[in-house]
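Down below is the structure, laid out as structure tokens.
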Amino acid sequence: MTTPREHLLSSVRMAHFVAHGSLRMEAVVPAEMNAEAVEVFDTGIPPVPYGTPVPDAYPAGSFPRRLVELPAIAGALRSLVGPDPHVDHHFVHVREPHEGGAQPLHGDAVIDVRPDAFDVQLMYYPQDVTLEMGGTLSVPGSHLRRTNESDTGRYQNLRGQSRLVCPAGTVVFLHHGLWHGGRRNDSAVRRYMFKIRFNPTVRQRRLWDTSDLADPRVARELNTLFPWYEAATGRLELYNRVLLWRALTGDEDFDLDHWVTRVSNRPQEVPA
């Protein structure tokens with residue numbers, strides 16, 4: 001099934017994802033589906049084998065299938081991983097009222113060091129999420145810094161971290177390497193989050209609406225710095241973003257302030 005261009009991500013939004021490691025879509029799921037979701041999640045969604053095509057994982061008419069086929073969600077998913085992705089796995093995360101515990105900061109990709117491809121994780125929140133309910137903590141711009149799962153668990157807070165507070169029906173797409181963790185629920189309300197990890201089955205190159213590829217805002221997004229970056233080492237994040245953007249666009253000459261060009265300069269001409 002093709003996705004109309006108006007539902008695909010723009011180059012500016014794609015660059016935002018490459019820089020931040022996430023893409024937030026507020027209240028994109030209609031209220032009637034949000035009301036249905038809690039009952040579906042309490043009943044349970046059967047697991048599927050790793051690498052199952054979406055139509056096999058979620059039969060037509062099922063809640064997850066209807067969720068991923070909502071136009072805005074389908075457009076973002078196609079832009080990020082392409083048509084016909086596979087479901088790696090899914091899980092309903094539940095935080096009980098006054099649970100008292102939180103996940104350590106972690107990345108979900110223990111051994112995933114692909115520099116030119118990535119999985120995405122869809123995180124769906126069927127309720128309003130307040131600060132008291134905890135929500136998901138994430139660290140913008142952390143996805144290209146290689147760690148092994150909970151190596152970052154000793155960090156309690158990082159400058160510029162994002163604590164999710166959102167209206168019902170919000171969906172967030174995460175790069176598989178983004179550092180994140182579920183916060184404790186200090187409210188009297190049970191909190192739900194449904195996660196699906198998707199694997200691409202095609203090369204992730206120019207899958208979005210590239211009509212604005214030359215927009216100056218693309219480079220501005222890719223140049224975004226975050227408060228937790230070190231003055232020197234933080235520059236590696238820009239370097240790695242350039243490499244990923246080159247892979248996504250096929251433009252091997254793209255650069256930000258000469259970062260990659262200067263270190264890939266290996267002249268072969270022998271001096272006279």
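Labeling convention for the structure tokens: chains A, B, ... as they appear, residues from 1 per chain, ligands from 1 in order of appearance.
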
With the cut-off set at 6 Å and counting only C-alpha atoms, tabulate each residue of range 75-160 of chain A with an atom at most that distance from an atom of range 10-27 of chain A, showing the nearest atom pair and its distance in Å to one decimal, ordered by chain and increasing number, as CSV.
```
residue,atom,partner,partner_atom,distance
A:Pro140,CA,A:His20,CA,4.9
A:Gly141,CA,A:His20,CA,4.4
A:His143,CA,A:Gly21,CA,5.7
```

Closest-contact table, range 170-231 of chain A side, partner range 77-81 of chain A, 7 Å, counting only C-alpha atoms, as CSV:
```
residue,atom,partner,partner_atom,distance
A:Pro200,CA,A:Val81,CA,4.8
A:Gln204,CA,A:Val81,CA,6.0
A:Leu207,CA,A:Ser79,CA,4.9
A:Trp208,CA,A:Ser79,CA,4.3
```

| said: So that I can check the secondary structure, give me every residue of range 23-257 of chain A assigned alpha helix (DSSP H) by backbone DSSP, as a PyMOL selection string. | reply: chain A and resi 31-43+54-57+63-68+71-81+216-222+235-249

| Residue nearest Val29 in chain A among A:Arg217, A:Ile45, A:Met123, A:Pro55 (counting only C-alpha atoms) | A:Met123

So that I can see what lies close to Thr261 in chain A, please list as a PDB file with all heavy atoms, in the first residue's frame the residues with an atom at most 12 Å from it, counting only C-alpha atoms and leaving out residues fewer than 3 positions away in the same chain.
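Saved the output as around-v2.pdb:
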```pdb
ATOM      1  N   TYR A 239      29.574  14.508  13.787  1.00  0.00           N
ATOM      2  CA  TYR A 239      30.259  13.677  12.793  1.00  0.00           C
ATOM      3  C   TYR A 239      29.398  12.459  12.443  1.00  0.00           C
ATOM      4  O   TYR A 239      29.182  12.147  11.263  1.00  0.00           O
ATOM      5  CB  TYR A 239      31.609  13.244  13.364  1.00  0.00           C
ATOM      6  CG  TYR A 239      32.407  12.310  12.480  1.00  0.00           C
ATOM      7  CD1 TYR A 239      33.299  12.802  11.536  1.00  0.00           C
ATOM      8  CD2 TYR A 239      32.271  10.936  12.592  1.00  0.00           C
ATOM      9  CE1 TYR A 239      34.035  11.952  10.726  1.00  0.00           C
ATOM     10  CE2 TYR A 239      32.992  10.075  11.786  1.00  0.00           C
ATOM     11  CZ  TYR A 239      33.878  10.579  10.860  1.00  0.00           C
ATOM     12  OH  TYR A 239      34.602   9.733  10.054  1.00  0.00           O
ATOM     13  N   VAL A 242      26.351  13.297  10.325  1.00  0.00           N
ATOM     14  CA  VAL A 242      26.679  13.500   8.910  1.00  0.00           C
ATOM     15  C   VAL A 242      26.763  12.152   8.197  1.00  0.00           C
ATOM     16  O   VAL A 242      26.239  11.991   7.091  1.00  0.00           O
ATOM     17  CB  VAL A 242      27.996  14.284   8.759  1.00  0.00           C
ATOM     18  CG1 VAL A 242      28.443  14.304   7.299  1.00  0.00           C
ATOM     19  CG2 VAL A 242      27.837  15.712   9.273  1.00  0.00           C
ATOM     20  N   LEU A 243      27.428  11.188   8.815  1.00  0.00           N
ATOM     21  CA  LEU A 243      27.541   9.869   8.206  1.00  0.00           C
ATOM     22  C   LEU A 243      26.163   9.246   7.983  1.00  0.00           C
ATOM     23  O   LEU A 243      25.900   8.649   6.931  1.00  0.00           O
ATOM     24  CB  LEU A 243      28.391   8.949   9.079  1.00  0.00           C
ATOM     25  CG  LEU A 243      29.873   9.309   9.230  1.00  0.00           C
ATOM     26  CD1 LEU A 243      30.577   8.254  10.080  1.00  0.00           C
ATOM     27  CD2 LEU A 243      30.555   9.453   7.876  1.00  0.00           C
ATOM     28  N   ARG A 246      24.326  11.128   5.177  1.00  0.00           N
ATOM     29  CA  ARG A 246      24.854  10.710   3.872  1.00  0.00           C
ATOM     30  C   ARG A 246      24.263   9.375   3.451  1.00  0.00           C
ATOM     31  O   ARG A 246      23.900   9.175   2.287  1.00  0.00           O
ATOM     32  CB  ARG A 246      26.384  10.608   3.939  1.00  0.00           C
ATOM     33  CG  ARG A 246      27.108  11.941   3.976  1.00  0.00           C
ATOM     34  CD  ARG A 246      28.619  11.739   3.963  1.00  0.00           C
ATOM     35  NE  ARG A 246      29.342  13.005   3.871  1.00  0.00           N
ATOM     36  CZ  ARG A 246      30.646  13.103   3.630  1.00  0.00           C
ATOM     37  NH1 ARG A 246      31.371  12.002   3.466  1.00  0.00           N
ATOM     38  NH2 ARG A 246      31.231  14.285   3.553  1.00  0.00           N
ATOM     39  N   GLU A 252      27.071  11.778  -0.811  1.00  0.00           N
ATOM     40  CA  GLU A 252      28.357  11.532  -0.160  1.00  0.00           C
ATOM     41  C   GLU A 252      29.176  12.807   0.039  1.00  0.00           C
ATOM     42  O   GLU A 252      30.227  12.772   0.678  1.00  0.00           O
ATOM     43  CB  GLU A 252      29.181  10.523  -0.979  1.00  0.00           C
ATOM     44  CG  GLU A 252      28.573   9.122  -0.996  1.00  0.00           C
ATOM     45  CD  GLU A 252      28.436   8.535   0.404  1.00  0.00           C
ATOM     46  OE1 GLU A 252      29.336   8.761   1.232  1.00  0.00           O
ATOM     47  OE2 GLU A 252      27.419   7.857   0.668  1.00  0.00           O
ATOM     48  N   ASP A 253      28.693  13.929  -0.478  1.00  0.00           N
ATOM     49  CA  ASP A 253      29.403  15.201  -0.308  1.00  0.00           C
ATOM     50  C   ASP A 253      28.801  16.057   0.805  1.00  0.00           C
ATOM     51  O   ASP A 253      29.357  17.102   1.145  1.00  0.00           O
ATOM     52  CB  ASP A 253      29.390  15.991  -1.616  1.00  0.00           C
ATOM     53  CG  ASP A 253      30.178  15.301  -2.725  1.00  0.00           C
ATOM     54  OD1 ASP A 253      31.218  14.689  -2.401  1.00  0.00           O
ATOM     55  OD2 ASP A 253      29.750  15.360  -3.882  1.00  0.00           O
ATOM     56  N   PHE A 254      27.675  15.628   1.369  1.00  0.00           N
ATOM     57  CA  PHE A 254      27.041  16.430   2.411  1.00  0.00           C
ATOM     58  C   PHE A 254      27.947  16.525   3.636  1.00  0.00           C
ATOM     59  O   PHE A 254      28.593  15.552   4.029  1.00  0.00           O
ATOM     60  CB  PHE A 254      25.702  15.831   2.840  1.00  0.00           C
ATOM     61  CG  PHE A 254      25.039  16.608   3.941  1.00  0.00           C
ATOM     62  CD1 PHE A 254      24.269  17.718   3.648  1.00  0.00           C
ATOM     63  CD2 PHE A 254      25.219  16.249   5.273  1.00  0.00           C
ATOM     64  CE1 PHE A 254      23.680  18.467   4.665  1.00  0.00           C
ATOM     65  CE2 PHE A 254      24.634  16.984   6.287  1.00  0.00           C
ATOM     66  CZ  PHE A 254      23.867  18.089   5.988  1.00  0.00           C
ATOM     67  N   ASP A 255      27.999  17.713   4.230  1.00  0.00           N
ATOM     68  CA  ASP A 255      28.794  17.878   5.440  1.00  0.00           C
ATOM     69  C   ASP A 255      28.250  19.052   6.243  1.00  0.00           C
ATOM     70  O   ASP A 255      27.472  19.872   5.740  1.00  0.00           O
ATOM     71  CB  ASP A 255      30.269  18.121   5.107  1.00  0.00           C
ATOM     72  CG  ASP A 255      31.218  17.642   6.208  1.00  0.00           C
ATOM     73  OD1 ASP A 255      30.738  17.371   7.327  1.00  0.00           O
ATOM     74  OD2 ASP A 255      32.424  17.539   5.938  1.00  0.00           O
ATOM     75  N   LEU A 256      28.646  19.105   7.504  1.00  0.00           N
ATOM     76  CA  LEU A 256      28.379  20.224   8.395  1.00  0.00           C
ATOM     77  C   LEU A 256      29.719  20.787   8.834  1.00  0.00           C
ATOM     78  O   LEU A 256      30.486  20.103   9.508  1.00  0.00           O
ATOM     79  CB  LEU A 256      27.589  19.763   9.628  1.00  0.00           C
ATOM     80  CG  LEU A 256      26.193  19.173   9.413  1.00  0.00           C
ATOM     81  CD1 LEU A 256      25.680  18.566  10.717  1.00  0.00           C
ATOM     82  CD2 LEU A 256      25.224  20.245   8.913  1.00  0.00           C
ATOM     83  N   ASP A 257      30.037  21.995   8.417  1.00  0.00           N
ATOM     84  CA  ASP A 257      31.265  22.658   8.851  1.00  0.00           C
ATOM     85  C   ASP A 257      32.518  21.815   8.624  1.00  0.00           C
ATOM     86  O   ASP A 257      33.444  21.817   9.447  1.00  0.00           O
ATOM     87  CB  ASP A 257      31.166  23.033  10.337  1.00  0.00           C
ATOM     88  CG  ASP A 257      30.019  23.996  10.595  1.00  0.00           C
ATOM     89  OD1 ASP A 257      29.740  24.831   9.705  1.00  0.00           O
ATOM     90  OD2 ASP A 257      29.406  23.915  11.669  1.00  0.00           O
ATOM     91  N   HIS A 258      32.520  21.009   7.556  1.00  0.00           N
ATOM     92  CA  HIS A 258      33.741  20.303   7.143  1.00  0.00           C
ATOM     93  C   HIS A 258      34.136  19.154   8.089  1.00  0.00           C
ATOM     94  O   HIS A 258      35.267  18.652   8.028  1.00  0.00           O
ATOM     95  CB  HIS A 258      34.912  21.311   7.061  1.00  0.00           C
ATOM     96  CG  HIS A 258      35.861  21.040   5.926  1.00  0.00           C
ATOM     97  ND1 HIS A 258      35.463  20.984   4.615  1.00  0.00           N
ATOM     98  CD2 HIS A 258      37.201  20.817   5.902  1.00  0.00           C
ATOM     99  CE1 HIS A 258      36.504  20.751   3.841  1.00  0.00           C
ATOM    100  NE2 HIS A 258      37.574  20.645   4.597  1.00  0.00           N
ATOM    101  N   SER A 264      38.266  12.547   6.099  1.00  0.00           N
ATOM    102  CA  SER A 264      38.223  11.535   5.048  1.00  0.00           C
ATOM    103  C   SER A 264      39.128  11.918   3.875  1.00  0.00           C
ATOM    104  O   SER A 264      39.118  11.265   2.833  1.00  0.00           O
ATOM    105  CB  SER A 264      36.785  11.329   4.554  1.00  0.00           C
ATOM    106  OG  SER A 264      36.251  12.546   4.060  1.00  0.00           O
ATOM    107  N   ASN A 265      39.905  12.971   4.081  1.00  0.00           N
ATOM    108  CA  ASN A 265      40.800  13.462   3.034  1.00  0.00           C
ATOM    109  C   ASN A 265      42.056  12.586   2.964  1.00  0.00           C
ATOM    110  O   ASN A 265      42.945  12.662   3.817  1.00  0.00           O
ATOM    111  CB  ASN A 265      41.181  14.919   3.333  1.00  0.00           C
ATOM    112  CG  ASN A 265      42.085  15.495   2.261  1.00  0.00           C
ATOM    113  OD1 ASN A 265      41.969  15.142   1.089  1.00  0.00           O
ATOM    114  ND2 ASN A 265      42.989  16.374   2.659  1.00  0.00           N
ATOM    115  N   ARG A 266      42.126  11.749   1.939  1.00  0.00           N
ATOM    116  CA  ARG A 266      43.276  10.853   1.757  1.00  0.00           C
ATOM    117  C   ARG A 266      43.761  10.954   0.305  1.00  0.00           C
ATOM    118  O   ARG A 266      43.523  10.060  -0.510  1.00  0.00           O
ATOM    119  CB  ARG A 266      42.906   9.402   2.057  1.00  0.00           C
ATOM    120  CG  ARG A 266      42.531   9.160   3.520  1.00  0.00           C
ATOM    121  CD  ARG A 266      42.218   7.676   3.740  1.00  0.00           C
ATOM    122  NE  ARG A 266      41.915   7.402   5.126  1.00  0.00           N
ATOM    123  CZ  ARG A 266      40.698   7.448   5.663  1.00  0.00           C
ATOM    124  NH1 ARG A 266      39.671   7.835   4.916  1.00  0.00           N
ATOM    125  NH2 ARG A 266      40.508   7.162   6.939  1.00  0.00           N
ATOM    126  N   PRO A 267      44.443  12.055  -0.045  1.00  0.00           N
ATOM    127  CA  PRO A 267      44.911  12.214  -1.431  1.00  0.00           C
ATOM    128  C   PRO A 267      45.807  11.046  -1.843  1.00  0.00           C
ATOM    129  O   PRO A 267      46.653  10.584  -1.063  1.00  0.00           O
ATOM    130  CB  PRO A 267      45.679  13.526  -1.379  1.00  0.00           C
ATOM    131  CG  PRO A 267      45.136  14.246  -0.197  1.00  0.00           C
ATOM    132  CD  PRO A 267      44.805  13.191   0.804  1.00  0.00           C
TER     133      PRO A 267
END
```

| task | Write out as a list in words which residues come within 9 Å of range 102-112 of chain A when counting only C-alpha atoms, dropping same-chain ones fewer than 5 positions away. | result |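 Here the qualifying residues turn out to be Phe118, Gly134, Leu137, Ser138, Val139, His143, Arg146, Thr147, Asn148, Glu149, Ser150, Asp151, Thr152, Gly153, Arg154, Tyr155, Gln156, Asn157, His176, Gly177, Leu178, Trp179, His180, Gly181, Gly182, Arg183, Arg184 and Asn185 of chain A.
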
Selection file, C-alpha atoms, as a short mmCIF file (atom, residue, chain, number, x, y, z; two decimals), in the first residue's frame:
```
data_model
loop_
_atom_site.label_atom_id
_atom_site.label_comp_id
_atom_site.auth_asym_id
_atom_site.auth_seq_id
_atom_site.Cartn_x
_atom_site.Cartn_y
_atom_site.Cartn_z
CA PHE A 118 18.32 1.57 12.24
CA GLY A 134 6.17 9.48 35.49
CA LEU A 137 12.56 9.74 30.27
CA SER A 138 14.83 10.09 27.24
CA VAL A 139 18.10 11.84 26.44
CA HIS A 143 21.22 7.46 19.98
CA ARG A 146 27.37 3.43 21.33
CA THR A 147 26.57 1.79 24.64
CA ASN A 148 25.53 -1.70 25.70
CA GLU A 149 22.00 -1.58 27.06
CA SER A 150 22.23 -0.44 30.71
CA ASP A 151 25.81 0.92 30.69
CA THR A 152 24.16 4.30 31.28
CA GLY A 153 22.09 3.04 34.23
CA ARG A 154 24.39 4.72 36.77
CA TYR A 155 23.38 8.15 35.46
CA GLN A 156 20.43 9.61 37.37
CA ASN A 157 19.88 12.83 35.45
CA HIS A 176 16.75 1.97 18.57
CA GLY A 177 19.83 3.39 20.30
CA LEU A 178 18.23 6.29 22.17
CA TRP A 179 18.88 6.29 25.92
CA HIS A 180 15.57 6.13 27.79
CA GLY A 181 13.80 4.66 30.79
CA GLY A 182 10.32 4.44 32.28
CA ARG A 183 9.95 6.72 35.31
CA ARG A 184 8.16 5.66 38.49
CA ASN A 185 4.43 6.31 38.74
#
```

| query | With only C-alpha atoms as the atoms that count, which of A:Ser142, A:Arg159, A:Arg190, A:Asp116 lies nearest to Val129 in chain A? | reply |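 When distances to Val129 in chain A are compared using only C-alpha atoms, the smallest one comes from A:Arg190.
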
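When DSSP reads the backbone of this structure, the residues of range 140-260 of chain A it assigns to strand (DSSP E or B) are Ser162, Arg163, Cys166, Thr170, Val171, Val172, Phe173, Leu174, His175, His180, Gly181, Gly182, Arg191, Tyr192, Met193, Phe194, Lys195, Ile196, Arg197, Phe198, Asn199 and Asp209 of chain A.
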